[in-house]
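Scroll down for the structure; my scribbles are underneath it.
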Amino acid sequence: MNSPATRGRNGKDSRRRKASRGRSRLRLPMRYLLPTTLLVALLAMLMLRGYVHSEILADHRVRDAAPTHQVPEDVLTGGPVIDARSGDAKTLRIPDRRIVLTFDDGPDPVWTPKVLDKLKEYDAHGVFFVTGNMAARHPDLVRRMVEEGHELGLHTFNHPDLSYQSSARIDWELSQNQLALAGAAGIRTSIFRPPYSSFSDAMDNKSWPVTEYIGSRGYLTVVNDTDSEDWKRPGVHAIVERATPKNGKGAIILMHDSGGDRSQTVAALDTLLPDLKAKGYTFTRLTTALDAPSAHTPVTGFALWKGKAFVSAVAVSERITGVLVVGLAAIGALVLARFGLMLLLSFLHARKVRRRNFSWGEPLSRPVSVLVPAYNERACIEATVRSLAASEHPIEIIVIDDGSTDGTADLVEAMRLPRVRVVRQQNAGKPAALNNGIRHARYDIVVMMDGDTVFEPATVRELVQPFADPRVGAVAGNAKVGNRDSLIGAWQHIEYVMGFNLDRRMYDVLGCMPTIPGAVGAFRREALERVGGMSEDTLAEDTDITMALHRDGWRVVYAENARAWTEAPESVQQLWSQRYRWSYGTMQAIWKHRRAVIERGPSGRFGRVGLPFVSLFMVVAPLLAPLIDVFLLYGLVFGPTGKTVAAWFGVLVVQAVCAAYAFRLDKERMTHLLSLPLQQILYRQLMYVVLLQSWITALTGGRLRWQKLRRTGAVEAPGGVSAQRRGTGSAPERRPVG
């Protein structure tokens, strides 16, 4: 019996262990934290970009003219500068022979520099009523305006008609406009021009309350009394004529440096500025013309840093989303090129191997060895072995029990089938089990399969025929999903037929098959011995050995009629584990064989053709492919919705054509393709995250262990007899895998 002191220590240890487990549960692993952070950052950048491009929170409504009886008569008949700051509105006019050139809607990266150049050329100053979204995107132009002595005014952030907006939205438009100016030039301003404004006599019962509210916030409202109508692009002569004041009067002239093609505006300045200067006019700032203090006030402290942070965030979002757009175009081109290449090369492969006179050489009839590595495969090993026993080709069957704890080896031995041997070993992993099986194999051709897979009677015969060509070192079979009755199984069925088997036809023609599937593959024993057998260096030993064979100069081909039926994962958790291991193992294999790029001979050919091709289409392109879905979602929410949907359906149609052709080649029913659109929306997202997680694991130097998937043993080859009918008891309960 434990002493009280011992029990006390044990209790404390137990509490510490529980606390440690609690902390570990609360700690978010890097593989989840980093993808989540990247996703949130990407969405934040897209939202910010949409905000500054007037795709989010923008209001493009423009109100028609309303009655004017609520507007003071002094305003309707007064000057273009309205001062409602004290509550009693008054208006101001520009003195004679003074011109205030005003430019709305900028800054624009194309036209604003040209306008500034003209003003500088003629030593003229003006007022730029900038929108916050443009100022935030082009802060260098805002700084240039201030440095060259021009005055800045607010023109809201997103250019809405303020008569439709609440006071809170008006405050938001003003504060965001000021935030952009603070970040771009370190100033704030006290002058404002409402979007869609005109002359003072155009004030009405809807716009006047806005002007009063703007005044209460401490701003002078500036409209105009001379409209050049340059926004209509009536021609240079017409713009000059309309912008020229009559009888030496002072004027606030409305022009634009953004919002479209402003080449006529720039050309008009070349005439207007020297002509009016010759007539004695002075081009000046608004506050200078009114003999008032400058509208600019320096911004300091937290407000300055807040503005700089906002402008910097906009710059980052612009650059990164620009890169993403380029990436989207690149991935779109890659996807279409890959689909086109798949269709063309798959057609050439099928036409070649289906010719009546096609032959690999003299038909092979000599026995081969079939290796079945098994670890806790009791649920399905019997169906696997019985499918092999029914083979039309002479074989020996070697089941390598890798330290199973569920009686897998005992069950195989109890079957007492001829030509079946069981080799037992301590648990050492699949590569070690396969190498052990190779040592026990009697024949020079070795077939490898998984313990959860069943073969058709003709599978082995079809799989070994290419070895009649002495250059062939390995053959990939046609792995098919047996449990396709569930939705996730149907999605994997589409992936196997289209993404794997159609790919293998393409890679066969290109001579750079990346992977002999573990479920159904055959190897020349000599080839295996020359490359050192199955390696434990990566988690994708099938990809590793295939690349090693290419580098050793062997051909690796695809046998479409060597069909094997495998049990695919039936839960998201188990599918995640399997694909995570696959993608991470593929990256490991590519990295392991990277020196092939600089080597000579067969290794160099594979390194300069196969490795880039596999890396591009199996690692890089799938990682960038989520951009299609991200921009789809963005386009659906913030528009243009019609074009976005059309583009997405266009890509879907291309995929559907490829999938339909792949199903036709494999003689599969087309009904499973009905779930293709849903697969593109849901299933692909899971694959994206898995690949991203694999990248993170690789970049952070993480390690990934083997994960054993639970099997149900429900998969059979078409026409097979169930274990229950063979008298082995009731069929195993069908449970979700994982």
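We name chains A, B, ... following the order of the structure tokens; residues begin at 1 in each chain, and ligands are numbered from 1 as shown.
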For this session: With a distance cut-off of 8 Å and only C-alpha atoms, select the neighbouring residues of A:Val236, excluding the residue or stretch itself and same-chain residues fewer than 2 positions from it, and output the selection as a ChimeraX atom specification.
Result: /A:233-234,238-240,264-265,267-268
Residues as selected, all heavy atoms, written as a short mmCIF file (atom, residue, chain, number, x, y, z; two decimals), in the first residue's frame, can you do that?
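Now in selection36.cif:
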```cif
data_model
loop_
_atom_site.label_atom_id
_atom_site.label_comp_id
_atom_site.auth_asym_id
_atom_site.auth_seq_id
_atom_site.Cartn_x
_atom_site.Cartn_y
_atom_site.Cartn_z
N ARG A 233 -15.22 65.04 -72.55
CA ARG A 233 -14.23 64.97 -73.64
C ARG A 233 -14.78 65.62 -74.92
O ARG A 233 -14.86 64.99 -75.98
CB ARG A 233 -13.81 63.52 -73.90
CG ARG A 233 -13.02 62.92 -72.75
CD ARG A 233 -12.31 61.65 -73.15
NE ARG A 233 -13.21 60.54 -73.29
CZ ARG A 233 -13.61 59.75 -72.29
NH1 ARG A 233 -13.16 59.98 -71.06
NH2 ARG A 233 -14.42 58.76 -72.50
N PRO A 234 -15.13 66.91 -74.82
CA PRO A 234 -15.73 67.59 -75.99
C PRO A 234 -14.70 68.09 -77.00
O PRO A 234 -15.06 68.65 -78.04
CB PRO A 234 -16.46 68.77 -75.35
CG PRO A 234 -15.61 69.11 -74.16
CD PRO A 234 -15.08 67.81 -73.65
N ALA A 238 -13.07 73.21 -77.01
CA ALA A 238 -14.28 73.39 -76.21
C ALA A 238 -13.94 73.48 -74.72
O ALA A 238 -14.53 74.27 -73.98
CB ALA A 238 -15.26 72.25 -76.47
N ILE A 239 -12.99 72.67 -74.26
CA ILE A 239 -12.59 72.71 -72.85
C ILE A 239 -12.00 74.06 -72.50
O ILE A 239 -12.33 74.67 -71.48
CB ILE A 239 -11.59 71.57 -72.55
CG1 ILE A 239 -12.28 70.20 -72.67
CG2 ILE A 239 -10.99 71.74 -71.16
CD1 ILE A 239 -11.34 69.02 -72.52
N VAL A 240 -11.13 74.57 -73.36
CA VAL A 240 -10.51 75.88 -73.11
C VAL A 240 -11.56 76.98 -73.10
O VAL A 240 -11.55 77.87 -72.22
CB VAL A 240 -9.43 76.17 -74.17
CG1 VAL A 240 -8.92 77.61 -74.05
CG2 VAL A 240 -8.27 75.18 -74.04
N GLN A 264 -7.35 65.07 -73.22
CA GLN A 264 -7.85 66.38 -73.66
C GLN A 264 -7.65 67.42 -72.56
O GLN A 264 -7.35 68.59 -72.86
CB GLN A 264 -9.33 66.28 -74.04
CG GLN A 264 -9.59 65.46 -75.29
CD GLN A 264 -11.05 65.47 -75.70
OE1 GLN A 264 -11.87 66.21 -75.15
NE2 GLN A 264 -11.39 64.65 -76.69
N THR A 265 -7.79 67.02 -71.31
CA THR A 265 -7.55 67.94 -70.20
C THR A 265 -6.10 68.41 -70.19
O THR A 265 -5.81 69.61 -70.05
CB THR A 265 -7.90 67.27 -68.86
OG1 THR A 265 -9.26 66.82 -68.89
CG2 THR A 265 -7.69 68.22 -67.70
N ALA A 267 -3.99 68.40 -72.67
CA ALA A 267 -3.74 69.23 -73.85
C ALA A 267 -4.35 70.62 -73.68
O ALA A 267 -3.76 71.63 -74.11
CB ALA A 267 -4.30 68.55 -75.09
N ALA A 268 -5.52 70.69 -73.04
CA ALA A 268 -6.17 71.99 -72.83
C ALA A 268 -5.34 72.89 -71.91
O ALA A 268 -5.30 74.11 -72.09
CB ALA A 268 -7.56 71.79 -72.25
#
```
Apply DSSP to the structure's backbone, then extract all residues of stretch 152-344 of chain A labelled strand (DSSP E) and return them as an mmCIF file with N, CA and C atoms, in the first residue's frame.
```
data_model
loop_
_atom_site.group_PDB
_atom_site.id
_atom_site.type_symbol
_atom_site.label_atom_id
_atom_site.label_comp_id
_atom_site.auth_asym_id
_atom_site.auth_seq_id
_atom_site.Cartn_x
_atom_site.Cartn_y
_atom_site.Cartn_z
ATOM 1 N N LEU A 152 -4.611 70.524 -51.170
ATOM 2 C CA LEU A 152 -5.409 69.307 -51.234
ATOM 3 C C LEU A 152 -6.739 69.522 -50.541
ATOM 4 N N GLY A 153 -7.755 68.905 -51.113
ATOM 5 C CA GLY A 153 -9.077 68.922 -50.498
ATOM 6 C C GLY A 153 -9.645 67.519 -50.473
ATOM 7 N N LEU A 154 -10.626 67.307 -49.583
ATOM 8 C CA LEU A 154 -11.272 65.997 -49.489
ATOM 9 C C LEU A 154 -12.354 65.857 -50.557
ATOM 10 N N ILE A 187 -0.434 65.243 -43.663
ATOM 11 C CA ILE A 187 -1.254 66.441 -43.446
ATOM 12 C C ILE A 187 -2.722 66.055 -43.324
ATOM 13 N N ARG A 188 -3.515 67.019 -42.852
ATOM 14 C CA ARG A 188 -4.965 66.956 -42.977
ATOM 15 C C ARG A 188 -5.408 68.277 -43.598
ATOM 16 N N THR A 189 -6.622 68.323 -44.106
ATOM 17 C CA THR A 189 -7.090 69.514 -44.814
ATOM 18 C C THR A 189 -8.458 69.919 -44.308
ATOM 19 N N ILE A 191 -10.705 71.721 -46.415
ATOM 20 C CA ILE A 191 -11.615 72.035 -47.522
ATOM 21 C C ILE A 191 -12.154 70.740 -48.112
ATOM 22 N N PHE A 192 -13.374 70.824 -48.622
ATOM 23 C CA PHE A 192 -14.095 69.620 -49.043
ATOM 24 C C PHE A 192 -14.939 69.939 -50.271
ATOM 25 N N LEU A 220 -14.821 73.817 -45.014
ATOM 26 C CA LEU A 220 -15.362 74.677 -46.071
ATOM 27 C C LEU A 220 -15.777 73.785 -47.237
ATOM 28 N N THR A 221 -16.987 74.008 -47.748
ATOM 29 C CA THR A 221 -17.442 73.263 -48.917
ATOM 30 C C THR A 221 -17.153 74.088 -50.165
ATOM 31 N N VAL A 222 -16.470 73.475 -51.119
ATOM 32 C CA VAL A 222 -16.048 74.164 -52.335
ATOM 33 C C VAL A 222 -16.712 73.497 -53.535
ATOM 34 N N THR A 226 -17.198 77.622 -62.731
ATOM 35 C CA THR A 226 -16.778 77.506 -64.127
ATOM 36 C C THR A 226 -16.456 76.042 -64.405
ATOM 37 N N ASP A 227 -17.319 75.398 -65.168
ATOM 38 C CA ASP A 227 -17.170 73.966 -65.435
ATOM 39 C C ASP A 227 -16.580 73.768 -66.831
ATOM 40 N N ALA A 251 -12.382 82.915 -60.778
ATOM 41 C CA ALA A 251 -13.169 81.699 -60.990
ATOM 42 C C ALA A 251 -12.527 80.508 -60.293
ATOM 43 N N ILE A 252 -13.410 79.566 -59.897
ATOM 44 C CA ILE A 252 -12.981 78.213 -59.509
ATOM 45 C C ILE A 252 -13.356 77.307 -60.676
ATOM 46 N N ILE A 253 -12.353 76.806 -61.367
ATOM 47 C CA ILE A 253 -12.573 76.023 -62.585
ATOM 48 C C ILE A 253 -12.524 74.540 -62.234
ATOM 49 N N LEU A 254 -13.559 73.826 -62.654
ATOM 50 C CA LEU A 254 -13.643 72.386 -62.407
ATOM 51 C C LEU A 254 -13.014 71.612 -63.561
ATOM 52 N N MET A 255 -12.013 70.801 -63.228
ATOM 53 C CA MET A 255 -11.398 69.878 -64.183
ATOM 54 C C MET A 255 -11.180 68.544 -63.468
ATOM 55 N N HIS A 256 -10.673 67.570 -64.206
ATOM 56 C CA HIS A 256 -10.477 66.235 -63.635
ATOM 57 C C HIS A 256 -9.105 65.695 -64.035
ATOM 58 N N THR A 282 -3.778 85.041 -62.437
ATOM 59 C CA THR A 282 -2.857 84.308 -61.569
ATOM 60 C C THR A 282 -3.508 82.988 -61.169
ATOM 61 N N PHE A 283 -2.780 81.899 -61.332
ATOM 62 C CA PHE A 283 -3.277 80.576 -60.933
ATOM 63 C C PHE A 283 -2.744 80.275 -59.537
ATOM 64 N N HIS A 296 -3.971 73.263 -45.031
ATOM 65 C CA HIS A 296 -3.201 72.113 -44.553
ATOM 66 C C HIS A 296 -2.784 72.283 -43.100
ATOM 67 N N THR A 297 -2.894 71.192 -42.350
ATOM 68 C CA THR A 297 -2.406 71.137 -40.976
ATOM 69 C C THR A 297 -1.543 69.898 -40.833
ATOM 70 N N PRO A 298 -0.323 70.018 -40.301
ATOM 71 C CA PRO A 298 0.527 68.829 -40.136
ATOM 72 C C PRO A 298 -0.106 67.835 -39.167
#
```
Exercise. Rounded to one decimal in Å, what is the spacing between atom CA of A:Val454 and atom CA of A:Ala383?
Worked result: 6.6 Å
As a PDB file with N, CA and C atoms, in the first residue's frame, please: the residues near stretch 120-129 of chain A (cut-off 6 Å, only C-alpha atoms, same-chain neighbours under 6 positions excluded).
```pdb
ATOM      1  N   VAL A 100      -8.573  79.630 -59.550  1.00  0.00           N
ATOM      2  CA  VAL A 100      -8.305  78.428 -58.750  1.00  0.00           C
ATOM      3  C   VAL A 100      -8.647  77.228 -59.628  1.00  0.00           C
ATOM      4  N   LEU A 101      -7.629  76.616 -60.186  1.00  0.00           N
ATOM      5  CA  LEU A 101      -7.825  75.395 -60.972  1.00  0.00           C
ATOM      6  C   LEU A 101      -8.028  74.230 -60.005  1.00  0.00           C
ATOM      7  N   THR A 102      -9.127  73.521 -60.151  1.00  0.00           N
ATOM      8  CA  THR A 102      -9.382  72.372 -59.271  1.00  0.00           C
ATOM      9  C   THR A 102      -9.479  71.103 -60.119  1.00  0.00           C
ATOM     10  N   PHE A 103      -8.937  70.032 -59.563  1.00  0.00           N
ATOM     11  CA  PHE A 103      -8.922  68.741 -60.253  1.00  0.00           C
ATOM     12  C   PHE A 103      -9.523  67.688 -59.327  1.00  0.00           C
ATOM     13  N   ASP A 104     -10.531  67.000 -59.825  1.00  0.00           N
ATOM     14  CA  ASP A 104     -11.266  66.036 -59.007  1.00  0.00           C
ATOM     15  C   ASP A 104     -10.900  64.592 -59.338  1.00  0.00           C
ATOM     16  N   HIS A 150       0.847  72.676 -54.196  1.00  0.00           N
ATOM     17  CA  HIS A 150      -0.590  72.626 -54.468  1.00  0.00           C
ATOM     18  C   HIS A 150      -1.359  72.375 -53.172  1.00  0.00           C
ATOM     19  N   GLU A 151      -2.638  72.652 -53.225  1.00  0.00           N
ATOM     20  CA  GLU A 151      -3.492  72.472 -52.061  1.00  0.00           C
ATOM     21  C   GLU A 151      -4.337  71.216 -52.272  1.00  0.00           C
ATOM     22  N   LEU A 152      -4.611  70.524 -51.170  1.00  0.00           N
ATOM     23  CA  LEU A 152      -5.409  69.307 -51.234  1.00  0.00           C
ATOM     24  C   LEU A 152      -6.739  69.522 -50.541  1.00  0.00           C
ATOM     25  N   GLY A 153      -7.755  68.905 -51.113  1.00  0.00           N
ATOM     26  CA  GLY A 153      -9.077  68.922 -50.498  1.00  0.00           C
ATOM     27  C   GLY A 153      -9.645  67.519 -50.473  1.00  0.00           C
ATOM     28  N   LEU A 154     -10.626  67.307 -49.583  1.00  0.00           N
ATOM     29  CA  LEU A 154     -11.272  65.997 -49.489  1.00  0.00           C
ATOM     30  C   LEU A 154     -12.354  65.857 -50.557  1.00  0.00           C
ATOM     31  N   HIS A 155     -12.464  64.639 -51.071  1.00  0.00           N
ATOM     32  CA  HIS A 155     -13.519  64.331 -52.041  1.00  0.00           C
ATOM     33  C   HIS A 155     -14.176  63.002 -51.679  1.00  0.00           C
ATOM     34  N   PHE A 283      -2.780  81.899 -61.332  1.00  0.00           N
ATOM     35  CA  PHE A 283      -3.277  80.576 -60.933  1.00  0.00           C
ATOM     36  C   PHE A 283      -2.744  80.275 -59.537  1.00  0.00           C
ATOM     37  N   THR A 284      -3.651  80.112 -58.587  1.00  0.00           N
ATOM     38  CA  THR A 284      -3.218  80.034 -57.198  1.00  0.00           C
ATOM     39  C   THR A 284      -4.050  79.033 -56.407  1.00  0.00           C
ATOM     40  N   ARG A 285      -3.626  78.814 -55.172  1.00  0.00           N
ATOM     41  CA  ARG A 285      -4.370  77.947 -54.260  1.00  0.00           C
ATOM     42  C   ARG A 285      -5.647  78.650 -53.806  1.00  0.00           C
TER      43      ARG A 285
END
```
Problem set entry | DSSP-assigned helix (DSSP H, G or I) members of stretch 60-188 of chain A, reported as a PyMOL selection string | chain A and resi 73-76+111-121+132-137+139-147+162-164+167-185
For this session: Choose the residue, out of A:Gly521, A:Pro602, A:Gly533, A:Gly361, that has the smallest atom-to-atom separation from A:Arg551; count only C-alpha atoms.
Result: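 Closest candidate: A:Pro602.
Using only C-alpha atoms, the shortest contact distance between A:Ala333 and any of A:Ala243, A:Val472, A:Ala621, A:Val210 is found at A:Ala621.
For A:Trp360, the non-local neighbours within 7 Å, defined as residues at least 3 positions apart in the same chain or in other chains and counting only C-alpha atoms, are Gln465, Pro466, Ala468 and Asp469 of chain A.
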For this session: Go through A:Ile214, A:Val266, A:Ala315, A:Leu502 and flag the residue nearest A:Ser190, using only C-alpha atoms for the distances.
Result: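 Using only C-alpha atoms, the shortest distance to A:Ser190 belongs to A:Ile214.
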For this session: Would you mind telling me which residue in A:Ser167, A:Gln588, A:Ser571, A:Thr515 lies nearest to A:Ser216 when using only C-alpha atoms?
Result: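 Of A:Ser167, A:Gln588, A:Ser571, A:Thr515, the one nearest A:Ser216 is A:Ser167, counting only C-alpha atoms.
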Problem set entry | Which residue of A:Arg563, A:Arg555, A:Arg505, A:His550 approaches A:Thr459 most closely, using only C-alpha atoms |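 Among the listed residues, the smallest separation from A:Thr459 belongs to A:Arg563.
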Exercise. Looking at only C-alpha atoms, which of A:Val423, A:Leu539, A:Leu290, A:Val614 is the one that sits closest to A:Gly585?
Worked result: A:Leu539
